[in-house]
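Report on the structure given below.
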Amino acid sequence: MGDEVHRSAYGSWPSPIDAALAAAHGGQPEWVGFVGDEVWWTEPRPAEGGRRALVRRSADGTEESVLPAPWNVRSRVIEYGGRPWTGVVRDGAPLVVFTHFADQRLYRYKPGGEPRPLTPVSPVGGGLRWAEPQVDVARGEVWCVLEEFTGEDPGDVRRVLAAVPLDGSAAEDRAVVRELTDEGHRFVTGPRLSPDGRRAAWLAWDHPRMPWDGTEVLVGEVGDDGVLHAVHTVAGGPQEAVAQVEWSADGRLLYASDHSGWWNLYRDGTPLCPREEEFAGPLWKLGLRWFAPLDNGLVAVVHGRGASVLGILDPESGEVVDAAGPWTEFAPTLAAHGERVVAVGASPRTAPEVVELDTRTGRARAIGARHRDPVDPAHYPEPQIRTFTGPAGREVHAHVYPPHHPGRTAPDGELPPYVIWAHGGPTSRVPLVLDLEIAYFTSRGIGVAEVNYGGSTGYGRAYRERLREQWGVVDVEDCAAVALALAEEGTADPDRLAIRGGSAGGWTAAASLTTTDVYVCGTIIYPVLDLGTWGPGETHDFESRYLESLIGPRAEVPARYAERSPTAHAGRLTVPFLLLQGLDDVICPPAQCERFLAGIEGRGVPHAYLTFEGEGHGFRRAETMVRALEAELSLYAQVFALATPGVPELELRT
């Protein structure tokens, strides 16, 4: 094409990024770790039924998936999961312990052999689940978190620290599993053993708190009997959220607490680098790591305000030196071994990859799941980091991705359609990284704006607390403020604005469509829609009391639960929408969608409801992701009147 640029309407631009390409590059590597000197991690396989593969990088740099399909290394603890594997070198060979998704049993595995179960299957409720395994070679055990269902209800569950014999003697006998703690707390994270093996530290919290509201740091003495004694609280509390705890090489306690209003690092109670930025984040999965102590006393940290980068903190001086390289965003999965640190980094031009930092030389390089451009990067979006003004003058953070194509531009005077993306959580945020789902739209001439609305993480506790008892209000207002500002400044077409979101973002999208007139359509993905039933009994235990902070105590403000629910206002919905739902979702069950649809029946609102067998909360299969993306694009094509080529038409029913 050369440098020639053609003029054609937004939404009609031909793109090399199709839905299959976006699906193939969905997800990211996670749960990095060392097995001896080798780096191992898990990564998604959308084309293999959405399983999580365990990948090994040998000393010569070759990568191999060590367990063939259908092995799926993923824990269901608290439904969002937790660290599902660990490994050590024993007798010169790797010994790996992992959780298999299908039956949630722990297995031991030596490359070249077959996985052997270490834990039994439970016939009760959700069964026995395990996370954050750590091999205690001296005792011949795996120390981990045990989540055990005692009945059929999602709330019939207990969580303790437990030790599983490595010899397989508990594979058929639950009684052989040693419990290390009592049921003093509803939620616990995996134990961290001190360097001398005499103490263990972990986090705990109870309903109705979420872990970003308040947690306790517990320390216990490891007796000669291998049981934890004299357990006591050393930090944290109902109003102080500690997100991670570790031991330094010299036996001092390191933890990340938001005591100051920002998640900062502490050593034995003393702040190491007090800054108005985050050195941790929300504990959505057990075993997330924002920092990793090194043998030489330095600490690898993921930190920042908004975006989070990888750095090395010197606890004595309080200085942080950030790793050089193209990565502008790091995930909370760190591992350290000697002077090496492994992390997962990404940028607006690169998808997440496994990055190794040599702290001696300061050199960082991608060593695994390396980014390869599947298309000419000239088609990637060029995001802008923006701060908008919301109601009452409050700041609203967002990433704006204008339509972008190397060979196309729109006719003079045409304004582009824009889709506002509301992230899930809602206690979370969107990272500024290459996402081919966004590129799928922007390369065709549809703008995207991701909003880190009030309640998002990354900007301190006060920004996070804006959503307290205001869910369905502040998030909706902030998304609308961004949409209207883009229209007012001439960036977006005010008559072609849409909103989309999944999970808690699905709630924000639905609430926006039923309480504002900003958007002409929307895409609602595995959402929360009915607060009256979403809670104890209908959703999983971890989030069953989340609404007490997001909406208010149910006993005190019962009317608010009805007032805020999109299901209660389904009759106000007048614009077309697409609803996408996994049929195996236990977090936001299909019943939520069905009640919402019952509320619009006979009202003549054009819509489509697509359900997916075998999908839970978060789509993982390539064919699901393709169908969902194409359906979403077809919705916009129909409502925005776009001549979008090559996309199957979504049938909208009334």
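Chain lettering (A, B, ...) mirrors the order of the structure tokens, residue numbering begins at 1 for each chain separately, and ligand numbering begins at 1 in order of display.
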
May I have all residues of region 317-509 of chain A that DSSP, computed from the backbone, assigns to strand (DSSP E), given as an NGL selection string? :A and (319-322 or 329-330 or 335-337 or 340-347 or 350-358 or 363-368 or 384-389 or 395-401 or 408-409 or 418-422 or 447-452 or 497-502)

What would the file look like if the residues just selected were written as a PDB file, in the first residue's frame with C-alpha atoms?
ATOM      1  CA  GLU A 319      15.993   3.695  47.368  1.00  0.00           C
ATOM      2  CA  VAL A 320      14.367   1.842  44.487  1.00  0.00           C
ATOM      3  CA  VAL A 321      16.136   1.252  41.175  1.00  0.00           C
ATOM      4  CA  ASP A 322      13.730   0.247  38.411  1.00  0.00           C
ATOM      5  CA  GLU A 329       3.401  -2.888  33.575  1.00  0.00           C
ATOM      6  CA  PHE A 330       4.253  -5.901  35.765  1.00  0.00           C
ATOM      7  CA  ALA A 335      10.051 -15.204  42.178  1.00  0.00           C
ATOM      8  CA  ALA A 336      13.643 -14.781  43.338  1.00  0.00           C
ATOM      9  CA  HIS A 337      16.599 -17.180  43.311  1.00  0.00           C
ATOM     10  CA  ARG A 340      17.868 -13.526  39.770  1.00  0.00           C
ATOM     11  CA  VAL A 341      14.303 -12.233  39.760  1.00  0.00           C
ATOM     12  CA  VAL A 342      11.575 -13.502  37.455  1.00  0.00           C
ATOM     13  CA  ALA A 343       8.375 -11.572  36.726  1.00  0.00           C
ATOM     14  CA  VAL A 344       5.685 -11.086  34.065  1.00  0.00           C
ATOM     15  CA  GLY A 345       5.934  -7.784  32.195  1.00  0.00           C
ATOM     16  CA  ALA A 346       4.052  -6.135  29.343  1.00  0.00           C
ATOM     17  CA  SER A 347       3.634  -2.793  27.563  1.00  0.00           C
ATOM     18  CA  THR A 350       4.028  -6.111  23.890  1.00  0.00           C
ATOM     19  CA  ALA A 351       1.769  -8.752  25.390  1.00  0.00           C
ATOM     20  CA  PRO A 352       2.715 -10.207  28.807  1.00  0.00           C
ATOM     21  CA  GLU A 353       5.958 -12.198  28.756  1.00  0.00           C
ATOM     22  CA  VAL A 354       8.208 -13.845  31.340  1.00  0.00           C
ATOM     23  CA  VAL A 355      11.017 -11.430  32.216  1.00  0.00           C
ATOM     24  CA  GLU A 356      14.229 -12.210  34.089  1.00  0.00           C
ATOM     25  CA  LEU A 357      16.212  -9.521  35.903  1.00  0.00           C
ATOM     26  CA  ASP A 358      19.851 -10.103  36.873  1.00  0.00           C
ATOM     27  CA  ARG A 363      19.996  -6.403  32.918  1.00  0.00           C
ATOM     28  CA  ALA A 364      16.453  -7.540  32.213  1.00  0.00           C
ATOM     29  CA  ARG A 365      15.375  -9.700  29.278  1.00  0.00           C
ATOM     30  CA  ALA A 366      12.344 -11.644  28.120  1.00  0.00           C
ATOM     31  CA  ILE A 367      13.028 -15.347  28.595  1.00  0.00           C
ATOM     32  CA  GLY A 368       9.638 -17.022  28.194  1.00  0.00           C
ATOM     33  CA  GLN A 384      -3.344   7.877  25.834  1.00  0.00           C
ATOM     34  CA  ILE A 385      -3.212   8.022  29.626  1.00  0.00           C
ATOM     35  CA  ARG A 386      -5.871  10.544  30.593  1.00  0.00           C
ATOM     36  CA  THR A 387      -7.376  12.008  33.757  1.00  0.00           C
ATOM     37  CA  PHE A 388     -10.929  13.295  33.450  1.00  0.00           C
ATOM     38  CA  THR A 389     -13.077  15.314  35.832  1.00  0.00           C
ATOM     39  CA  GLU A 395     -10.407  12.776  39.241  1.00  0.00           C
ATOM     40  CA  VAL A 396     -11.238   9.810  37.017  1.00  0.00           C
ATOM     41  CA  HIS A 397      -8.368   7.852  35.480  1.00  0.00           C
ATOM     42  CA  ALA A 398      -8.721   6.273  32.034  1.00  0.00           C
ATOM     43  CA  HIS A 399      -6.832   4.880  29.047  1.00  0.00           C
ATOM     44  CA  VAL A 400      -8.138   6.173  25.725  1.00  0.00           C
ATOM     45  CA  TYR A 401      -7.482   4.114  22.588  1.00  0.00           C
ATOM     46  CA  ARG A 408      -7.039   4.320   6.714  1.00  0.00           C
ATOM     47  CA  THR A 409      -8.511   7.549   7.965  1.00  0.00           C
ATOM     48  CA  TYR A 418     -16.491   4.766  21.106  1.00  0.00           C
ATOM     49  CA  VAL A 419     -17.015   1.894  23.520  1.00  0.00           C
ATOM     50  CA  ILE A 420     -16.446   2.524  27.240  1.00  0.00           C
ATOM     51  CA  TRP A 421     -14.901  -0.530  28.915  1.00  0.00           C
ATOM     52  CA  ALA A 422     -15.706  -1.019  32.617  1.00  0.00           C
ATOM     53  CA  GLY A 447     -12.456   3.797  19.721  1.00  0.00           C
ATOM     54  CA  VAL A 448     -12.129   2.231  23.179  1.00  0.00           C
ATOM     55  CA  ALA A 449     -11.807   3.962  26.566  1.00  0.00           C
ATOM     56  CA  GLU A 450     -10.946   1.853  29.613  1.00  0.00           C
ATOM     57  CA  VAL A 451     -12.014   3.610  32.810  1.00  0.00           C
ATOM     58  CA  ASN A 452     -10.336   3.113  36.174  1.00  0.00           C
ATOM     59  CA  LEU A 497     -21.364   5.663  22.461  1.00  0.00           C
ATOM     60  CA  ALA A 498     -21.567   2.139  23.923  1.00  0.00           C
ATOM     61  CA  ILE A 499     -20.515   0.490  27.177  1.00  0.00           C
ATOM     62  CA  ARG A 500     -19.231  -3.004  27.840  1.00  0.00           C
ATOM     63  CA  GLY A 501     -17.934  -4.914  30.829  1.00  0.00           C
ATOM     64  CA  GLY A 502     -17.572  -8.369  32.381  1.00  0.00           C
TER      65      GLY A 502
END

Write out as a list in words the residues lying within 10 Å of Ile587 (chain A), counting only C-alpha atoms and excluding same-chain residues fewer than 6 positions away.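 Within the cut-off, the hits are Ile78, Glu79, Tyr80, Ser503, Tyr526, Pro527, Val528, Trp534, Gly535, Glu538, Thr539, His540, Asp541, Phe542, Glu543, Ser544, Gly616 and His617 of chain A.
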
If we count only C-alpha atoms, what is near Leu573 (chain A) at a cut-off of 8 Å, once residues fewer than 2 positions away on the same chain are taken out, given as a PDB file with all heavy atoms, in the first residue's frame?
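Saved as around_15.pdb:
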ATOM      1  N   LEU A 513     -26.865   1.257  31.499  1.00  0.00           N
ATOM      2  CA  LEU A 513     -27.913   1.206  30.478  1.00  0.00           C
ATOM      3  C   LEU A 513     -29.300   1.426  31.086  1.00  0.00           C
ATOM      4  O   LEU A 513     -30.212   1.898  30.400  1.00  0.00           O
ATOM      5  CB  LEU A 513     -27.872  -0.125  29.736  1.00  0.00           C
ATOM      6  CG  LEU A 513     -26.619  -0.399  28.893  1.00  0.00           C
ATOM      7  CD1 LEU A 513     -26.704  -1.776  28.251  1.00  0.00           C
ATOM      8  CD2 LEU A 513     -26.410   0.669  27.834  1.00  0.00           C
ATOM      9  N   THR A 514     -29.455   1.078  32.367  1.00  0.00           N
ATOM     10  CA  THR A 514     -30.785   1.211  32.990  1.00  0.00           C
ATOM     11  C   THR A 514     -30.955   2.511  33.757  1.00  0.00           C
ATOM     12  O   THR A 514     -32.073   2.834  34.170  1.00  0.00           O
ATOM     13  CB  THR A 514     -31.073   0.024  33.940  1.00  0.00           C
ATOM     14  OG1 THR A 514     -30.000  -0.096  34.878  1.00  0.00           O
ATOM     15  CG2 THR A 514     -31.219  -1.282  33.178  1.00  0.00           C
ATOM     16  N   HIS A 569     -34.695  -2.527  37.414  1.00  0.00           N
ATOM     17  CA  HIS A 569     -34.933  -1.424  36.473  1.00  0.00           C
ATOM     18  C   HIS A 569     -34.906  -1.891  35.027  1.00  0.00           C
ATOM     19  O   HIS A 569     -34.743  -1.072  34.115  1.00  0.00           O
ATOM     20  CB  HIS A 569     -33.886  -0.326  36.673  1.00  0.00           C
ATOM     21  CG  HIS A 569     -33.816   0.178  38.080  1.00  0.00           C
ATOM     22  ND1 HIS A 569     -34.918   0.714  38.720  1.00  0.00           N
ATOM     23  CD2 HIS A 569     -32.804   0.210  38.974  1.00  0.00           C
ATOM     24  CE1 HIS A 569     -34.568   1.049  39.955  1.00  0.00           C
ATOM     25  NE2 HIS A 569     -33.297   0.753  40.136  1.00  0.00           N
ATOM     26  N   ALA A 570     -35.035  -3.203  34.820  1.00  0.00           N
ATOM     27  CA  ALA A 570     -34.971  -3.727  33.450  1.00  0.00           C
ATOM     28  C   ALA A 570     -35.993  -3.033  32.556  1.00  0.00           C
ATOM     29  O   ALA A 570     -35.754  -2.837  31.357  1.00  0.00           O
ATOM     30  CB  ALA A 570     -35.191  -5.239  33.461  1.00  0.00           C
ATOM     31  N   GLY A 571     -37.103  -2.605  33.136  1.00  0.00           N
ATOM     32  CA  GLY A 571     -38.141  -1.930  32.364  1.00  0.00           C
ATOM     33  C   GLY A 571     -37.716  -0.584  31.800  1.00  0.00           C
ATOM     34  O   GLY A 571     -38.322  -0.074  30.856  1.00  0.00           O
ATOM     35  N   VAL A 575     -32.409   0.442  24.939  1.00  0.00           N
ATOM     36  CA  VAL A 575     -31.430   0.329  23.846  1.00  0.00           C
ATOM     37  C   VAL A 575     -31.002  -1.126  23.652  1.00  0.00           C
ATOM     38  O   VAL A 575     -31.092  -1.943  24.577  1.00  0.00           O
ATOM     39  CB  VAL A 575     -30.189   1.214  24.123  1.00  0.00           C
ATOM     40  CG1 VAL A 575     -30.593   2.678  24.221  1.00  0.00           C
ATOM     41  CG2 VAL A 575     -29.454   0.774  25.386  1.00  0.00           C
ATOM     42  N   ILE A 600     -37.388  -7.756  30.818  1.00  0.00           N
ATOM     43  CA  ILE A 600     -37.567  -6.975  29.576  1.00  0.00           C
ATOM     44  C   ILE A 600     -38.491  -7.685  28.593  1.00  0.00           C
ATOM     45  O   ILE A 600     -38.767  -7.160  27.518  1.00  0.00           O
ATOM     46  CB  ILE A 600     -36.218  -6.702  28.877  1.00  0.00           C
ATOM     47  CG1 ILE A 600     -35.534  -8.012  28.463  1.00  0.00           C
ATOM     48  CG2 ILE A 600     -35.311  -5.849  29.736  1.00  0.00           C
ATOM     49  CD1 ILE A 600     -34.669  -7.865  27.241  1.00  0.00           C
ATOM     50  N   VAL A 605     -37.316  -4.627  23.269  1.00  0.00           N
ATOM     51  CA  VAL A 605     -35.917  -4.183  23.272  1.00  0.00           C
ATOM     52  C   VAL A 605     -35.075  -5.192  22.481  1.00  0.00           C
ATOM     53  O   VAL A 605     -35.025  -6.369  22.844  1.00  0.00           O
ATOM     54  CB  VAL A 605     -35.368  -4.070  24.711  1.00  0.00           C
ATOM     55  CG1 VAL A 605     -33.909  -3.631  24.694  1.00  0.00           C
ATOM     56  CG2 VAL A 605     -36.211  -3.109  25.528  1.00  0.00           C
TER      57      VAL A 605
END

Report the distance between CA of Pro16 (chain A) and CA of Asp493 (chain A) in Å, rounded to one decimal place.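 One can read the CA of Pro16 (chain A) to CA of Asp493 (chain A) distance as 24.9 Å.
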
With a cut-off of 10 Å, could you pull out the residues of region 351-439 of chain A touching region 458-472 of chain A and give me the nearest pair of atoms for each, distance in Å to one decimal, using only C-alpha atoms, ordered by chain and ascending number, as JSON lines?
{"residue": "A:Arg394", "atom": "CA", "partner": "A:Tyr463", "partner_atom": "CA", "distance": 9.6}
{"residue": "A:Glu395", "atom": "CA", "partner": "A:Tyr463", "partner_atom": "CA", "distance": 9.1}
{"residue": "A:Val396", "atom": "CA", "partner": "A:Tyr463", "partner_atom": "CA", "distance": 9.5}
{"residue": "A:His397", "atom": "CA", "partner": "A:Tyr459", "partner_atom": "CA", "distance": 9.3}
{"residue": "A:Pro426", "atom": "CA", "partner": "A:Trp471", "partner_atom": "CA", "distance": 8.5}
{"residue": "A:Thr427", "atom": "CA", "partner": "A:Arg464", "partner_atom": "CA", "distance": 7.2}
{"residue": "A:Ser428", "atom": "CA", "partner": "A:Gly458", "partner_atom": "CA", "distance": 8.1}
{"residue": "A:Arg429", "atom": "CA", "partner": "A:Gly458", "partner_atom": "CA", "distance": 7.1}
{"residue": "A:Val430", "atom": "CA", "partner": "A:Gly458", "partner_atom": "CA", "distance": 9.6}
{"residue": "A:Pro431", "atom": "CA", "partner": "A:Gly458", "partner_atom": "CA", "distance": 9.9}

Produce a file of the selected residues containing all heavy atoms, as a compact mmCIF listing (two decimals), in the first residue's frame.
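After the write, selection28.txt holds the following:
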# COMPACT_ATOMS: atom_id res chain seq x y z
N ARG A 394 -14.10 15.35 41.08
CA ARG A 394 -13.17 14.26 41.40
C ARG A 394 -12.44 13.79 40.14
O ARG A 394 -12.96 13.84 39.02
CB ARG A 394 -13.89 13.11 42.09
CG ARG A 394 -14.94 12.40 41.25
CD ARG A 394 -15.57 11.23 42.03
NE ARG A 394 -16.53 10.49 41.22
CZ ARG A 394 -17.83 10.46 41.44
NH1 ARG A 394 -18.36 11.14 42.45
NH2 ARG A 394 -18.63 9.75 40.66
N GLU A 395 -11.21 13.30 40.34
CA GLU A 395 -10.41 12.78 39.24
C GLU A 395 -10.91 11.39 38.84
O GLU A 395 -11.26 10.58 39.70
CB GLU A 395 -8.94 12.65 39.66
CG GLU A 395 -8.20 13.97 39.75
CD GLU A 395 -6.70 13.76 39.95
OE1 GLU A 395 -6.29 12.63 40.32
OE2 GLU A 395 -5.94 14.71 39.75
N VAL A 396 -10.90 11.14 37.53
CA VAL A 396 -11.24 9.81 37.02
C VAL A 396 -10.14 9.42 36.03
O VAL A 396 -9.89 10.13 35.05
CB VAL A 396 -12.60 9.80 36.30
CG1 VAL A 396 -12.92 8.39 35.81
CG2 VAL A 396 -13.70 10.32 37.21
N HIS A 397 -9.48 8.30 36.32
CA HIS A 397 -8.37 7.85 35.48
C HIS A 397 -8.88 6.95 34.36
O HIS A 397 -9.78 6.13 34.57
CB HIS A 397 -7.34 7.11 36.33
CG HIS A 397 -6.78 7.95 37.44
ND1 HIS A 397 -5.88 8.95 37.22
CD2 HIS A 397 -7.02 7.95 38.78
CE1 HIS A 397 -5.57 9.53 38.37
NE2 HIS A 397 -6.25 8.94 39.33
N PRO A 426 -15.21 -5.06 41.54
CA PRO A 426 -14.72 -3.80 40.99
C PRO A 426 -13.41 -3.31 41.62
O PRO A 426 -12.82 -2.36 41.12
CB PRO A 426 -15.85 -2.82 41.31
CG PRO A 426 -16.48 -3.37 42.55
CD PRO A 426 -16.39 -4.87 42.40
N THR A 427 -12.95 -3.97 42.71
CA THR A 427 -11.70 -3.56 43.35
C THR A 427 -10.54 -4.11 42.53
O THR A 427 -9.99 -5.17 42.83
CB THR A 427 -11.65 -4.06 44.81
OG1 THR A 427 -12.88 -3.71 45.46
CG2 THR A 427 -10.50 -3.44 45.56
N SER A 428 -10.19 -3.40 41.48
CA SER A 428 -9.18 -3.85 40.53
C SER A 428 -8.84 -2.66 39.66
O SER A 428 -9.26 -1.53 39.95
CB SER A 428 -9.75 -5.02 39.70
OG SER A 428 -8.78 -5.54 38.83
N ARG A 429 -8.12 -2.88 38.58
CA ARG A 429 -7.88 -1.81 37.60
C ARG A 429 -7.45 -2.45 36.29
O ARG A 429 -7.12 -3.63 36.25
CB ARG A 429 -6.79 -0.85 38.09
CG ARG A 429 -5.40 -1.45 38.10
CD ARG A 429 -4.35 -0.45 38.60
NE ARG A 429 -3.06 -1.11 38.66
CZ ARG A 429 -2.22 -1.19 37.63
NH1 ARG A 429 -2.52 -0.65 36.47
NH2 ARG A 429 -1.07 -1.83 37.75
N VAL A 430 -7.47 -1.65 35.22
CA VAL A 430 -7.02 -2.18 33.94
C VAL A 430 -5.57 -1.77 33.71
O VAL A 430 -5.23 -0.60 33.87
CB VAL A 430 -7.88 -1.69 32.76
CG1 VAL A 430 -9.09 -2.55 32.61
CG2 VAL A 430 -8.26 -0.24 32.89
N PRO A 431 -4.73 -2.71 33.35
CA PRO A 431 -3.34 -2.37 33.03
C PRO A 431 -3.24 -1.82 31.61
O PRO A 431 -4.05 -2.15 30.75
CB PRO A 431 -2.61 -3.71 33.14
CG PRO A 431 -3.65 -4.73 32.79
CD PRO A 431 -4.97 -4.17 33.25

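The interatomic distance for the pair CA of Pro403 (chain A) and CA of Gly445 (chain A) works out to 4.6 Å.
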
Could you tell me which of A:Glu489, A:Glu630, A:Glu183, A:Asp136 comes closest to Arg158 (chain A) if we count only C-alpha atoms?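 Nearest to Arg158 (chain A): A:Glu183.
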
Do a neighbour search on region 404-407 of chain A at 8 Å with only C-alpha atoms, toss out local chain neighbours closer than 3 positions, and write the hits as a list in words.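 Answer for this query is Met1, Asp3, Glu4, Val5, His6, Trp13, Ala378, His379, Tyr380, Pro381, Glu382, Thr442, Ser443, Arg444 and Gly445 of chain A.
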
Need the shell around Leu529 (chain A): protein/DNA/RNA residues with any atom at most 6 Å away, counting only C-alpha atoms. Skip same-chain ones fewer than 5 positions apart. Format as a list of chain:residue names?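 Those residues are A:Trp507, A:Ser565, A:Pro566, A:Thr567, A:Gln592.
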
Writer output for current selection, N, CA and C atoms, as a PDB file, in the first residue's frame:
ATOM      1  N   TRP A 507     -21.985  -5.563  35.629  1.00  0.00           N
ATOM      2  CA  TRP A 507     -22.914  -4.819  36.502  1.00  0.00           C
ATOM      3  C   TRP A 507     -22.899  -3.335  36.140  1.00  0.00           C
ATOM      4  N   SER A 565     -30.275  -2.529  41.811  1.00  0.00           N
ATOM      5  CA  SER A 565     -30.181  -3.694  40.925  1.00  0.00           C
ATOM      6  C   SER A 565     -30.696  -3.399  39.523  1.00  0.00           C
ATOM      7  N   PRO A 566     -29.878  -3.655  38.492  1.00  0.00           N
ATOM      8  CA  PRO A 566     -30.378  -3.521  37.121  1.00  0.00           C
ATOM      9  C   PRO A 566     -31.628  -4.362  36.865  1.00  0.00           C
ATOM     10  N   THR A 567     -31.744  -5.514  37.538  1.00  0.00           N
ATOM     11  CA  THR A 567     -32.933  -6.361  37.356  1.00  0.00           C
ATOM     12  C   THR A 567     -34.207  -5.598  37.740  1.00  0.00           C
ATOM     13  N   GLN A 592     -28.897 -15.087  37.235  1.00  0.00           N
ATOM     14  CA  GLN A 592     -28.906 -13.627  37.260  1.00  0.00           C
ATOM     15  C   GLN A 592     -29.373 -13.080  35.908  1.00  0.00           C
TER      16      GLN A 592
END

From the options A:Val96, A:Leu629, A:Arg267, A:Trp85, which residue's atoms come nearest to Glu437 (chain A), counting only C-alpha atoms?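 Using only C-alpha atoms, the shortest distance to Glu437 (chain A) belongs to A:Leu629.
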
List the neighbours of region 312-315 of chain A out to 8 Å using only C-alpha atoms; skip same-chain residues closer than 3 positions along the sequence, and give me the result as a ChimeraX atom specification. /A:272-273,297-301,318-323,359
